[in-house]
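Novice: Input structure: upload_16.tsv, which contains TSV, C-alpha atoms and all ligand atoms.
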```tsv
chain	number	residue	atom	x	y	z
J	997	MET	CA	-23.13	-15.51	-44.08
J	998	TRP	CA	-25.69	-14.63	-41.39
J	999	VAL	CA	-25.99	-10.88	-40.75
J	1000	ILE	CA	-27.97	-9.34	-37.88
J	1001	GLY	CA	-29.25	-5.77	-38.27
J	1002	ILE	CA	-30.51	-3.57	-35.44
J	1003	ASP	CA	-32.43	-0.30	-35.81
J	1004	THR	CA	-33.36	1.85	-32.81
J	1005	SER	CA	-33.33	5.23	-34.57
J	1006	CYS	CA	-36.76	6.37	-33.43
J	1007	ASP	CA	-39.75	4.68	-31.79
J	1008	ASP	CA	-39.52	1.17	-33.25
J	1009	THR	CA	-37.06	-1.46	-32.09
J	1010	GLY	CA	-36.11	-3.50	-35.16
J	1011	VAL	CA	-34.02	-6.66	-35.27
J	1012	GLY	CA	-33.62	-8.55	-38.53
J	1013	ILE	CA	-31.46	-11.37	-39.82
J	1014	VAL	CA	-30.35	-11.82	-43.41
J	1015	ARG	CA	-28.65	-14.85	-44.91
J	1016	ASP	CA	-26.78	-14.29	-48.16
J	1017	GLY	CA	-28.98	-11.30	-48.94
J	1018	LYS	CA	-32.27	-13.02	-48.07
J	1019	VAL	CA	-34.38	-11.89	-45.11
J	1020	VAL	CA	-34.92	-14.82	-42.73
J	1021	ALA	CA	-36.13	-12.91	-39.66
J	1022	ASN	CA	-37.63	-9.47	-39.10
J	1023	ARG	CA	-38.93	-8.59	-35.64
J	1024	VAL	CA	-40.23	-5.09	-34.89
J	1025	ALA	CA	-41.51	-3.87	-31.52
J	1026	SER	CA	-43.58	-0.73	-32.09
J	1027	GLN	CA	-43.85	1.94	-29.41
J	1028	THR	CA	-46.73	3.78	-31.09
J	1029	LEU	CA	-49.16	3.16	-28.21
J	1030	LEU	CA	-46.61	4.29	-25.62
J	1031	HIS	CA	-46.12	7.69	-27.26
J	1032	GLN	CA	-49.66	8.23	-28.50
J	1033	LYS	CA	-50.94	9.84	-25.30
J	1034	PHE	CA	-48.15	12.45	-25.51
J	1035	GLY	CA	-48.97	13.39	-29.11
J	1036	GLY	CA	-45.46	12.62	-30.34
J	1037	VAL	CA	-42.36	10.55	-29.64
J	1038	VAL	CA	-40.84	11.22	-26.18
J	1039	PRO	CA	-37.10	10.56	-26.67
J	1040	GLU	CA	-36.32	9.42	-23.12
J	1041	LEU	CA	-39.23	6.98	-23.09
J	1042	ALA	CA	-38.17	5.66	-26.50
J	1043	SER	CA	-34.63	4.92	-25.28
J	1044	ARG	CA	-35.90	3.24	-22.13
J	1045	GLU	CA	-38.30	1.05	-24.09
J	1046	HIS	CA	-35.58	0.03	-26.60
J	1047	THR	CA	-33.40	-1.03	-23.64
J	1048	GLN	CA	-36.19	-3.16	-22.23
J	1049	VAL	CA	-37.15	-5.04	-25.40
J	1050	ILE	CA	-33.95	-5.38	-27.40
J	1051	ASP	CA	-32.66	-8.58	-25.77
J	1052	GLY	CA	-35.95	-10.41	-26.21
J	1053	LEU	CA	-36.24	-9.30	-29.84
J	1054	VAL	CA	-32.75	-10.56	-30.65
J	1055	GLU	CA	-33.62	-13.92	-29.10
J	1056	ARG	CA	-36.84	-14.15	-31.10
J	1057	ALA	CA	-35.13	-13.18	-34.34
J	1058	LEU	CA	-32.45	-15.84	-33.77
J	1059	SER	CA	-35.14	-18.42	-33.09
J	1060	ASP	CA	-37.06	-17.36	-36.27
J	1061	ALA	CA	-33.86	-17.87	-38.25
J	1062	GLY	CA	-33.16	-21.16	-36.45
J	1063	ILE	CA	-29.64	-20.13	-35.45
J	1064	ARG	CA	-27.58	-19.29	-32.37
J	1065	LEU	CA	-25.66	-16.11	-31.56
J	1066	SER	CA	-22.40	-17.82	-32.45
J	1067	ASP	CA	-23.66	-18.47	-36.01
J	1068	LEU	CA	-23.73	-14.74	-36.78
J	1069	GLY	CA	-20.97	-13.59	-39.12
J	1070	LEU	CA	-21.60	-9.84	-39.12
J	1071	ILE	CA	-23.27	-7.45	-36.66
J	1072	ALA	CA	-24.84	-4.24	-38.03
J	1073	ALA	CA	-26.70	-1.35	-36.44
J	1074	THR	CA	-28.03	2.07	-37.42
J	1075	ARG	CA	-25.50	4.80	-36.56
J	1076	GLY	CA	-27.80	7.71	-37.52
J	1077	PRO	CA	-29.69	9.84	-38.21
J	1078	GLY	CA	-32.24	9.57	-35.41
J	1079	LEU	CA	-32.82	10.29	-31.72
J	1080	ILE	CA	-29.40	10.14	-30.12
J	1081	GLY	CA	-30.40	8.26	-26.97
J	1082	ALA	CA	-32.46	5.78	-28.94
J	1083	LEU	CA	-29.68	5.22	-31.48
J	1084	LEU	CA	-27.16	4.58	-28.70
J	1085	VAL	CA	-29.18	1.64	-27.37
J	1086	GLY	CA	-29.02	-0.37	-30.60
J	1087	LEU	CA	-25.55	0.79	-31.59
J	1088	SER	CA	-23.98	-0.01	-28.21
J	1089	TYR	CA	-25.79	-3.34	-28.08
J	1090	ALA	CA	-24.44	-4.28	-31.51
J	1091	LYS	CA	-20.89	-3.23	-30.65
J	1092	GLY	CA	-21.05	-5.24	-27.42
J	1093	LEU	CA	-22.29	-8.27	-29.34
J	1094	ALA	CA	-19.51	-7.93	-31.92
J	1095	LEU	CA	-16.89	-7.60	-29.21
J	1096	ALA	CA	-18.20	-10.56	-27.21
J	1097	LEU	CA	-18.51	-12.82	-30.27
J	1098	GLY	CA	-15.29	-11.63	-31.90
J	1099	LYS	CA	-17.24	-10.80	-35.08
J	1100	PRO	CA	-17.02	-7.71	-37.32
J	1101	PHE	CA	-19.32	-4.72	-36.81
J	1102	VAL	CA	-20.77	-2.34	-39.42
J	1103	GLY	CA	-22.51	1.00	-38.72
J	1104	VAL	CA	-25.26	1.71	-41.26
J	1105	HIS	CA	-26.90	5.00	-42.29
J	1106	HIS	CA	-30.65	4.74	-41.66
J	1107	LEU	CA	-31.56	5.97	-45.17
J	1108	GLU	CA	-29.15	3.50	-46.70
J	1109	GLY	CA	-31.18	0.81	-44.94
J	1110	HIS	CA	-34.45	2.14	-46.38
J	1111	LEU	CA	-32.93	2.28	-49.84
J	1112	TYR	CA	-31.70	-1.33	-49.86
J	1113	ALA	CA	-35.03	-2.62	-48.54
J	1114	ALA	CA	-36.21	-2.32	-52.15
J	1115	LEU	CA	-33.65	-4.97	-53.09
J	1116	ALA	CA	-34.87	-7.55	-50.57
J	1117	ASP	CA	-36.54	-9.63	-53.28
J	1118	HIS	CA	-34.02	-8.74	-56.01
J	1119	PRO	CA	-30.57	-9.97	-54.96
J	1120	GLU	CA	-29.46	-9.96	-58.61
J	1121	VAL	CA	-29.70	-6.17	-59.04
J	1122	GLU	CA	-26.39	-4.29	-59.18
J	1123	PRO	CA	-25.64	-0.54	-59.39
J	1124	PRO	CA	-25.82	1.83	-61.14
J	1125	PHE	CA	-29.43	2.77	-60.40
J	1126	LEU	CA	-31.64	5.62	-59.20
J	1127	ALA	CA	-33.17	5.57	-55.73
J	1128	LEU	CA	-36.20	7.57	-54.62
J	1129	LEU	CA	-36.79	7.80	-50.90
J	1130	ALA	CA	-40.22	9.18	-50.05
J	1131	SER	CA	-41.32	9.05	-46.43
J	1132	GLY	CA	-42.88	11.25	-43.77
J	1133	GLY	CA	-39.59	13.08	-43.27
J	1134	HIS	CA	-37.73	12.75	-46.60
J	1135	THR	CA	-38.16	13.13	-50.32
J	1136	HIS	CA	-34.73	12.47	-51.82
J	1137	LEU	CA	-33.62	11.27	-55.22
J	1138	PHE	CA	-30.17	9.64	-55.34
J	1139	GLN	CA	-28.01	8.30	-58.08
J	1140	VAL	CA	-26.15	5.20	-56.88
J	1141	PRO	CA	-23.12	4.54	-59.12
J	1142	ALA	CA	-21.66	1.77	-56.91
J	1143	TRP	CA	-22.45	0.02	-53.61
J	1144	GLY	CA	-22.07	2.50	-50.78
J	1145	HIS	CA	-21.78	5.56	-53.08
J	1146	TYR	CA	-24.63	8.05	-53.19
J	1147	GLU	CA	-25.01	11.22	-55.22
J	1148	LEU	CA	-27.95	13.41	-54.26
J	1149	LEU	CA	-29.75	14.56	-57.43
J	1150	GLY	CA	-32.53	16.45	-55.67
J	1151	ALA	CA	-34.65	16.74	-52.55
J	1152	THR	CA	-37.79	18.53	-51.45
J	1153	ARG	CA	-37.68	22.30	-51.02
J	1154	ASP	CA	-40.37	22.21	-48.34
J	1155	ASP	CA	-42.61	19.39	-47.08
J	1156	ALA	CA	-41.84	15.71	-47.57
J	1157	ALA	CA	-44.24	13.72	-49.77
J	1158	GLY	CA	-45.61	11.67	-46.85
J	1159	GLU	CA	-45.98	14.81	-44.76
J	1160	ALA	CA	-48.17	16.34	-47.50
J	1161	PHE	CA	-50.36	13.22	-47.50
J	1162	ASP	CA	-50.64	13.47	-43.70
J	1163	LYS	CA	-51.52	17.19	-43.70
J	1164	VAL	CA	-54.11	16.93	-46.47
J	1165	ALA	CA	-55.63	13.89	-44.75
J	1166	ARG	CA	-56.04	15.95	-41.58
J	1167	MET	CA	-57.77	18.71	-43.61
J	1168	LEU	CA	-60.20	16.10	-44.92
J	1169	GLY	CA	-60.87	14.79	-41.41
J	1170	LEU	CA	-59.11	11.48	-42.09
J	1171	GLY	CA	-56.92	9.51	-39.66
J	1172	TYR	CA	-53.13	9.23	-39.28
J	1173	PRO	CA	-51.01	8.19	-41.12
J	1174	GLY	CA	-52.73	10.02	-43.93
J	1175	GLY	CA	-51.23	8.26	-46.97
J	1176	PRO	CA	-53.21	5.02	-46.75
J	1177	GLU	CA	-56.39	6.96	-45.82
J	1178	ILE	CA	-56.12	9.25	-48.85
J	1179	GLU	CA	-55.35	6.31	-51.10
J	1180	LYS	CA	-58.49	4.52	-49.90
J	1181	LEU	CA	-60.76	7.56	-50.28
J	1182	ALA	CA	-59.23	8.36	-53.70
J	1183	ARG	CA	-60.72	5.15	-55.10
J	1184	GLU	CA	-64.18	6.72	-54.74
J	1185	GLY	CA	-63.18	10.02	-56.36
J	1186	ASP	CA	-62.31	11.45	-59.78
J	1187	PRO	CA	-58.60	12.28	-60.20
J	1188	LYS	CA	-59.45	14.94	-62.80
J	1189	ALA	CA	-62.28	16.65	-60.91
J	1190	VAL	CA	-60.17	19.13	-58.90
J	1191	PRO	CA	-57.68	21.38	-60.74
J	1192	PHE	CA	-54.47	20.78	-58.75
J	1193	SER	CA	-51.48	21.86	-60.79
J	1194	VAL	CA	-48.41	19.62	-60.83
J	1195	PRO	CA	-45.57	21.34	-58.88
J	1196	LEU	CA	-42.33	22.49	-60.61
J	1197	TYR	CA	-43.65	21.26	-63.92
J	1198	ASP	CA	-41.17	23.28	-65.98
J	1199	GLN	CA	-38.02	22.85	-63.87
J	1200	VAL	CA	-34.85	21.44	-65.39
J	1201	GLY	CA	-33.48	20.01	-62.11
J	1202	TYR	CA	-34.67	17.27	-59.80
J	1203	GLU	CA	-36.20	19.09	-56.88
J	1204	PHE	CA	-39.55	18.39	-55.29
J	1205	SER	CA	-42.13	20.66	-53.67
J	1206	PHE	CA	-45.35	19.71	-51.91
J	1207	SER	CA	-46.37	22.72	-49.83
J	1208	GLY	CA	-48.25	24.36	-52.75
J	1209	LEU	CA	-50.43	21.26	-53.11
J	1210	LYS	CA	-51.24	21.44	-49.42
J	1211	THR	CA	-52.32	25.10	-49.69
J	1212	ALA	CA	-54.33	24.34	-52.82
J	1213	ALA	CA	-56.10	21.48	-51.04
J	1214	GLN	CA	-57.21	23.88	-48.30
J	1215	ARG	CA	-58.64	26.23	-50.93
J	1216	PHE	CA	-60.48	23.40	-52.68
J	1217	VAL	CA	-61.98	22.21	-49.37
J	1218	GLU	CA	-63.31	25.75	-48.81
J	1219	LYS	CA	-64.70	25.86	-52.35
J	1220	GLY	CA	-66.82	22.80	-51.60
J	1221	TYR	CA	-65.24	20.10	-53.78
J	1222	THR	CA	-66.08	16.63	-52.44
J	1223	LYS	CA	-63.57	14.85	-50.22
J	1224	PRO	CA	-63.13	11.81	-52.49
J	1225	ASP	CA	-62.50	14.09	-55.51
J	1226	ILE	CA	-59.95	16.15	-53.55
J	1227	ALA	CA	-58.22	12.97	-52.34
J	1228	ALA	CA	-58.09	11.46	-55.85
J	1229	SER	CA	-56.95	14.68	-57.56
J	1230	PHE	CA	-54.36	15.48	-54.86
J	1231	GLN	CA	-52.94	11.98	-55.10
J	1232	ARG	CA	-52.77	12.27	-58.87
J	1233	ALA	CA	-50.82	15.55	-58.62
J	1234	VAL	CA	-48.34	14.08	-56.10
J	1235	VAL	CA	-47.85	10.96	-58.20
J	1236	ASP	CA	-47.43	13.00	-61.41
J	1237	HIS	CA	-44.89	15.25	-59.71
J	1238	LEU	CA	-42.80	12.37	-58.35
J	1239	ALA	CA	-43.00	10.56	-61.68
J	1240	ASN	CA	-42.04	13.63	-63.75
J	1241	VAL	CA	-38.87	14.24	-61.75
J	1242	VAL	CA	-37.85	10.60	-61.68
J	1243	ILE	CA	-38.49	10.07	-65.39
J	1244	ARG	CA	-36.45	13.19	-66.24
J	1245	ALA	CA	-33.58	11.92	-64.07
J	1246	ALA	CA	-33.73	8.51	-65.75
J	1247	ARG	CA	-33.59	10.12	-69.17
J	1248	ASP	CA	-30.71	12.47	-68.26
J	1249	THR	CA	-28.60	9.81	-66.54
J	1250	GLY	CA	-29.46	6.96	-68.91
J	1251	LEU	CA	-30.36	4.80	-65.89
J	1252	SER	CA	-33.40	2.58	-66.20
J	1253	THR	CA	-33.56	0.88	-62.80
J	1254	LEU	CA	-35.27	2.73	-59.96
J	1255	LEU	CA	-35.50	1.74	-56.30
J	1256	VAL	CA	-38.42	3.31	-54.44
J	1257	SER	CA	-38.59	3.20	-50.65
J	1258	GLY	CA	-40.06	4.93	-47.59
J	1259	GLY	CA	-43.71	4.84	-46.54
J	1260	VAL	CA	-45.00	6.53	-49.72
J	1261	ALA	CA	-43.57	3.63	-51.75
J	1262	ALA	CA	-46.60	1.64	-50.57
J	1263	ASN	CA	-48.91	3.87	-52.68
J	1264	ARG	CA	-50.46	1.78	-55.47
J	1265	ALA	CA	-51.15	4.74	-57.74
J	1266	LEU	CA	-47.46	5.67	-57.58
J	1267	GLN	CA	-46.41	2.09	-58.23
J	1268	GLU	CA	-48.68	1.84	-61.27
J	1269	ARG	CA	-47.64	5.21	-62.68
J	1270	LEU	CA	-43.91	4.39	-62.45
J	1271	ALA	CA	-44.40	0.93	-63.91
J	1272	GLU	CA	-46.07	2.54	-66.96
J	1273	ALA	CA	-43.00	4.74	-67.49
J	1274	GLY	CA	-40.94	1.87	-68.86
J	1275	LEU	CA	-38.48	1.85	-65.95
J	1276	ARG	CA	-37.56	-1.22	-63.96
J	1277	VAL	CA	-39.06	-0.17	-60.64
J	1278	LEU	CA	-38.34	-2.08	-57.43
J	1279	PHE	CA	-40.28	-1.61	-54.20
J	1280	PRO	CA	-39.69	-3.08	-50.72
J	1281	PRO	CA	-41.81	-6.13	-49.91
J	1282	PRO	CA	-44.56	-5.65	-47.29
J	1283	GLY	CA	-43.12	-5.09	-43.82
J	1284	LEU	CA	-39.86	-3.61	-45.08
J	1285	SER	CA	-41.16	-0.12	-46.06
J	1286	THR	CA	-41.36	1.13	-42.49
J	1287	ASP	CA	-38.49	1.10	-39.99
J	1288	ASN	CA	-37.02	-2.37	-39.37
J	1289	GLY	CA	-33.77	-4.17	-38.64
J	1290	ALA	CA	-33.74	-6.43	-41.72
J	1291	MET	CA	-33.08	-3.44	-43.99
J	1292	ILE	CA	-30.03	-2.55	-41.87
J	1293	ALA	CA	-28.72	-6.11	-42.23
J	1294	LEU	CA	-29.40	-5.96	-46.00
J	1295	ALA	CA	-27.42	-2.73	-46.36
J	1296	ALA	CA	-24.52	-4.12	-44.32
J	1297	TRP	CA	-24.44	-7.27	-46.43
J	1298	ARG	CA	-24.50	-5.28	-49.69
J	1299	ARG	CA	-21.59	-3.15	-48.57
J	1300	TRP	CA	-19.57	-5.96	-47.00
J	1301	ARG	CA	-16.07	-6.22	-48.51
J	1302	GLY	CA	-14.46	-8.30	-45.78
J	1303	GLU	CA	-13.65	-5.53	-43.36
J	1304	GLY	CA	-15.77	-4.21	-40.48
J	1305	ASP	CA	-15.98	-0.65	-39.15
J	1306	SER	CA	-14.15	0.56	-36.09
J	1307	LEU	CA	-16.11	0.19	-32.84
J	1308	ALA	CA	-15.50	3.92	-32.42
J	1309	VAL	CA	-18.23	4.75	-34.99
J	1310	PRO	CA	-20.37	7.33	-33.15
J	1311	ALA	CA	-24.15	7.62	-33.02
J	1312	ALA	CA	-25.16	10.80	-34.84
J	1313	ALA	CA	-28.48	12.62	-34.70
J	1314	TYR	CA	-27.81	14.32	-38.04
J	1315	VAL	CA	-25.65	12.80	-40.72
J	1316	PRO	CA	-26.16	13.25	-44.47
J	1317	LEU	CA	-26.10	10.24	-46.78
J	1318	ALA	CA	-24.71	12.33	-49.63
B	1	LIG	O1	-41.06	5.70	-44.07
B	1	LIG	P1	-42.21	5.90	-43.15
B	1	LIG	O2	-42.97	4.69	-42.68
B	1	LIG	O3	-41.81	6.65	-41.84
B	1	LIG	C1	-41.01	7.76	-41.80
B	1	LIG	O4	-41.42	8.82	-42.29
B	1	LIG	O5	-39.91	7.60	-41.22
B	1	LIG	O6	-43.21	6.88	-43.89
B	1	LIG	C2	-44.44	7.28	-43.32
B	1	LIG	C3	-45.14	8.19	-44.31
B	1	LIG	C4	-46.38	8.84	-43.73
B	1	LIG	O7	-46.32	10.22	-44.02
B	1	LIG	C5	-47.51	8.15	-44.45
B	1	LIG	O8	-48.65	8.97	-44.64
B	1	LIG	C6	-46.88	7.78	-45.78
B	1	LIG	O9	-45.55	7.44	-45.46
B	1	LIG	N1	-47.57	6.65	-46.41
B	1	LIG	C7	-48.22	6.72	-47.59
B	1	LIG	C8	-48.81	5.46	-47.80
B	1	LIG	N2	-48.49	4.65	-46.75
B	1	LIG	C9	-47.72	5.41	-45.91
B	1	LIG	N3	-48.35	7.74	-48.44
B	1	LIG	C10	-49.08	7.51	-49.55
B	1	LIG	N4	-49.70	6.34	-49.83
B	1	LIG	C11	-49.60	5.29	-48.99
B	1	LIG	N5	-50.22	4.14	-49.26
B	2	ZN	ZN	-37.10	5.32	-41.34
```
As structure tokens, please, write out the structure in this file.
Ligand code: KG4
Ligand code: ZN
Specialist:
Amino acid sequence: MWVIGIDTSCDDTGVGIVRDGKVVANRVASQTLLHQKFGGVVPELASREHTQVIDGLVERALSDAGIRLSDLGLIAATRGPGLIGALLVGLSYAKGLALALGKPFVGVHHLEGHLYAALADHPEVEPPFLALLASGGHTHLFQVPAWGHYELLGATRDDAAGEAFDKVARMLGLGYPGGPEIEKLAREGDPKAVPFSVPLYDQVGYEFSFSGLKTAAQRFVEKGYTKPDIAASFQRAVVDHLANVVIRAARDTGLSTLLVSGGVAANRALQERLAEAGLRVLFPPPGLSTDNGAMIALAAWRRWRGEGDSLAVPAAAYVPLA
């Protein structure tokens, strides 16, 4: 079955096509340049831009996949969370397509899309598993007992992991997004040189906290530690913290498969640290970590049980996954 997935939750228009769980097209139109001069995403401009590019992107994705509209078996779109006007563009487009083609429609939670991106190259993996979502806006650890069922084990008490990378990068005079910049600079530094302490080291639960590391980084900058040493030691503390929580959850739940997604999943130090822990760790392939439509199609395909959602599914700015 051919599934099309559309994501217009924020400032990227994403259209992807999946065939039997395999990504065959993934087109993303980024609006970064459009919003840059305003210093942040302007919602009205984002919606307008989605409206202008969505048709062309769908055509290109269909041509990448070598199929026609009528070949599609399932139409999926992000229903939330996100910017309401932006969401409505993709969601309404998908519903219109489903109606016109007489094909089923599925509304997908944006985080559910991110989560399943880690399965793009692993169609054989089945629940139960753990899923860590670490991006610029989220740090959530879920237990997934069955397709479409999510139990939140823990989340961040303050900043998201990616947000901490971004803020510390700014302190060090590095560019945005900060994660890749810190990772690069960390290669020249000593991860043991600066005494960052690992957050919530003694907790029994599964929460995360990153704001203390951010404050500590500021202090270490003032004390005159070198930038590469701060980058390397900060990254080590973040990675240790994420790994500690995840390993504890794996031990307590008896689960040994872990999906990691969101921008921070691209961090090599994190990937290596988790691989050493003896878990089966799955990451999204390149291009599927950031917002895209293919992950929405993947999630819809995973959840598909022969029945579509009602076309009345609303767009929602805030909607919890679990
Ligand atoms: O999932 P994402 O692309 O966007 C959303 O937040 O929705 O995540 C972006 C975040 C940024 O904070 C960025 O600094 C971080 O992911 N990031 C990284 C790396 N690449 C991106 N953090 C650490 N190491 C990286 N290599
Ligand atoms: Zn996202």
Novice: Looking at J:Gln1027, J:Thr1253, J:Asn1022, J:Gln1048, which one is nearest to Ile1002 (chain J), with distances taken over all atoms listed in the file?
Specialist: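 Answer, going by the shortest atom-to-atom distance: J:Asn1022.
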Novice: Step by step, measure atom-to-atom distances between ligand ZN 2 (chain B) and each residue using only C-alpha atoms and all ligand atoms, keep those at most 12 Å, then write them as a ChimeraX atom specification.
Specialist: /J:1003-1010,1074,1076-1079,1105-1111,1113,1129-1135,1158,1257-1260,1284-1289,1291-1292
Novice: Could you tell me, as a list in words, which residues have any atom at most 8 Å from (-42.0, 21.6, -50.1), counting all atoms listed in the file?
Specialist: Thr1152, Arg1153, Asp1154, Asp1155, Ala1156, Phe1204, Ser1205, Phe1206, Ser1207 and Gly1208 of chain J
Novice: Find the smallest box with edges along x, y and z containing every listed atom of ligand LIG 1 (chain B), then add 5 Å on each side and report centre and edge lengths in Å to one decimal, as AutoDock Vina command-line options.
Specialist:
```
--center_x -45.1 --center_y 7.2 --center_z -45.5 --size_x 20.3 --size_y 16.1 --size_z 18.6
```
Novice: Let me make sure I understand: among J:Tyr1112, J:Leu1093, J:Tyr1172, J:Val1104, which one has the smallest atom-to-atom distance to Gly1035 (chain J) if we use all atoms listed in the file?
Specialist: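 Of all the options, J:Tyr1172 lies closest to Gly1035 (chain J).
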Novice: To one decimal in Å, tell me the separation between CA of Glu1122 (chain J) and CA of Pro1141 (chain J).
Specialist: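 Between CA of Glu1122 (chain J) and CA of Pro1141 (chain J) the gap is 9.4 Å.
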Novice: So the first atom is CA of Ile1178 (chain J) and the second is CA of Phe1034 (chain J); what is the distance between them in Å, to one decimal place?
Specialist: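 Going from CA of Ile1178 (chain J) over to CA of Phe1034 (chain J), I get 24.9 Å.
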Novice: Quick one: of J:Gly1017, J:Gly1086, J:Gly1304, J:Gly1069, who's nearest to Thr1047 (chain J), counting all atoms listed in the file?
Specialist: J:Gly1086
Novice: What does the distance between CA of Val999 (chain J) and CA of Ile1013 (chain J) come to in Å, to one decimal place?
Specialist: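 These two atoms are separated by 5.6 Å.
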Novice: Restricting the calculation to only C-alpha atoms: of J:Leu1126, J:Thr1028, J:Met997, J:Asp1162, which residue gets closest to Ile1063 (chain J)?
Specialist: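 With only C-alpha atoms as the atom set, the closest residue is J:Met997.
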Novice: Here is a test: counting only C-alpha atoms, which residue of J:Arg1299, J:Arg1183, J:Arg1276, J:Arg1215 is nearest to Gln1231 (chain J)?
Specialist: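 Comparing J:Arg1299, J:Arg1183, J:Arg1276, J:Arg1215 against Gln1231 (chain J), the winner is J:Arg1183.
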Novice: Excluding Asp1248 (chain J) and residues on its chain fewer than 6 positions from it, collect all residues at most 12 Å away from it, counting all atoms listed in the file, and give them as a short mmCIF file (atom, residue, chain, number, x, y, z; two decimals) with C-alpha atoms, keeping the file's coordinate frame.
Specialist:
```cif
data_model
loop_
_atom_site.label_atom_id
_atom_site.label_comp_id
_atom_site.auth_asym_id
_atom_site.auth_seq_id
_atom_site.Cartn_x
_atom_site.Cartn_y
_atom_site.Cartn_z
CA LEU J 1126 -31.64 5.62 -59.20
CA GLN J 1139 -28.01 8.30 -58.08
CA LEU J 1149 -29.75 14.56 -57.43
CA VAL J 1200 -34.85 21.44 -65.39
CA GLY J 1201 -33.48 20.01 -62.11
CA TYR J 1202 -34.67 17.27 -59.80
CA VAL J 1241 -38.87 14.24 -61.75
CA VAL J 1242 -37.85 10.60 -61.68
#
```
Novice: Would you mind telling me which residue in J:Gly1250, J:Ile1226, J:Phe1161, J:Ser1193 lies nearest to ligand LIG 1 (chain B) when using all atoms listed in the file?
Specialist: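 Among the listed residues, J:Phe1161 lies closest to ligand LIG 1 (chain B).
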Novice: Could you add the missing atoms to region 1306-1310 of chain J, up to all heavy atoms, and return them as a PDB file, in the coordinates of the input?
Specialist:
```pdb
ATOM      1  N   SER J1306     -14.705   0.410 -37.429  1.00  0.00           N
ATOM      2  CA  SER J1306     -14.150   0.560 -36.090  1.00  0.00           C
ATOM      3  C   SER J1306     -15.307   0.627 -35.085  1.00  0.00           C
ATOM      4  O   SER J1306     -16.374   1.164 -35.388  1.00  0.00           O
ATOM      5  CB  SER J1306     -13.337   1.849 -36.028  1.00  0.00           C
ATOM      6  OG  SER J1306     -13.323   2.344 -34.715  1.00  0.00           O
ATOM      7  N   LEU J1307     -15.073   0.111 -33.878  1.00  0.00           N
ATOM      8  CA  LEU J1307     -16.110   0.190 -32.840  1.00  0.00           C
ATOM      9  C   LEU J1307     -16.253   1.624 -32.329  1.00  0.00           C
ATOM     10  O   LEU J1307     -17.129   1.926 -31.531  1.00  0.00           O
ATOM     11  CB  LEU J1307     -15.781  -0.752 -31.680  1.00  0.00           C
ATOM     12  CG  LEU J1307     -15.918  -2.242 -31.990  1.00  0.00           C
ATOM     13  CD1 LEU J1307     -15.557  -3.079 -30.767  1.00  0.00           C
ATOM     14  CD2 LEU J1307     -17.321  -2.598 -32.455  1.00  0.00           C
ATOM     15  N   ALA J1308     -15.407   2.513 -32.827  1.00  0.00           N
ATOM     16  CA  ALA J1308     -15.500   3.920 -32.420  1.00  0.00           C
ATOM     17  C   ALA J1308     -16.550   4.698 -33.219  1.00  0.00           C
ATOM     18  O   ALA J1308     -16.801   5.868 -32.934  1.00  0.00           O
ATOM     19  CB  ALA J1308     -14.137   4.595 -32.575  1.00  0.00           C
ATOM     20  N   VAL J1309     -17.189   4.074 -34.207  1.00  0.00           N
ATOM     21  CA  VAL J1309     -18.230   4.750 -34.990  1.00  0.00           C
ATOM     22  C   VAL J1309     -19.250   5.377 -34.042  1.00  0.00           C
ATOM     23  O   VAL J1309     -19.845   4.671 -33.227  1.00  0.00           O
ATOM     24  CB  VAL J1309     -18.959   3.753 -35.920  1.00  0.00           C
ATOM     25  CG1 VAL J1309     -20.233   4.358 -36.493  1.00  0.00           C
ATOM     26  CG2 VAL J1309     -18.039   3.305 -37.046  1.00  0.00           C
ATOM     27  N   PRO J1310     -19.453   6.704 -34.100  1.00  0.00           N
ATOM     28  CA  PRO J1310     -20.370   7.330 -33.150  1.00  0.00           C
ATOM     29  C   PRO J1310     -21.827   7.283 -33.618  1.00  0.00           C
ATOM     30  O   PRO J1310     -22.098   7.149 -34.818  1.00  0.00           O
ATOM     31  CB  PRO J1310     -19.891   8.787 -33.142  1.00  0.00           C
ATOM     32  CG  PRO J1310     -19.317   9.002 -34.506  1.00  0.00           C
ATOM     33  CD  PRO J1310     -18.809   7.673 -35.005  1.00  0.00           C
TER      34      PRO J1310
END
```
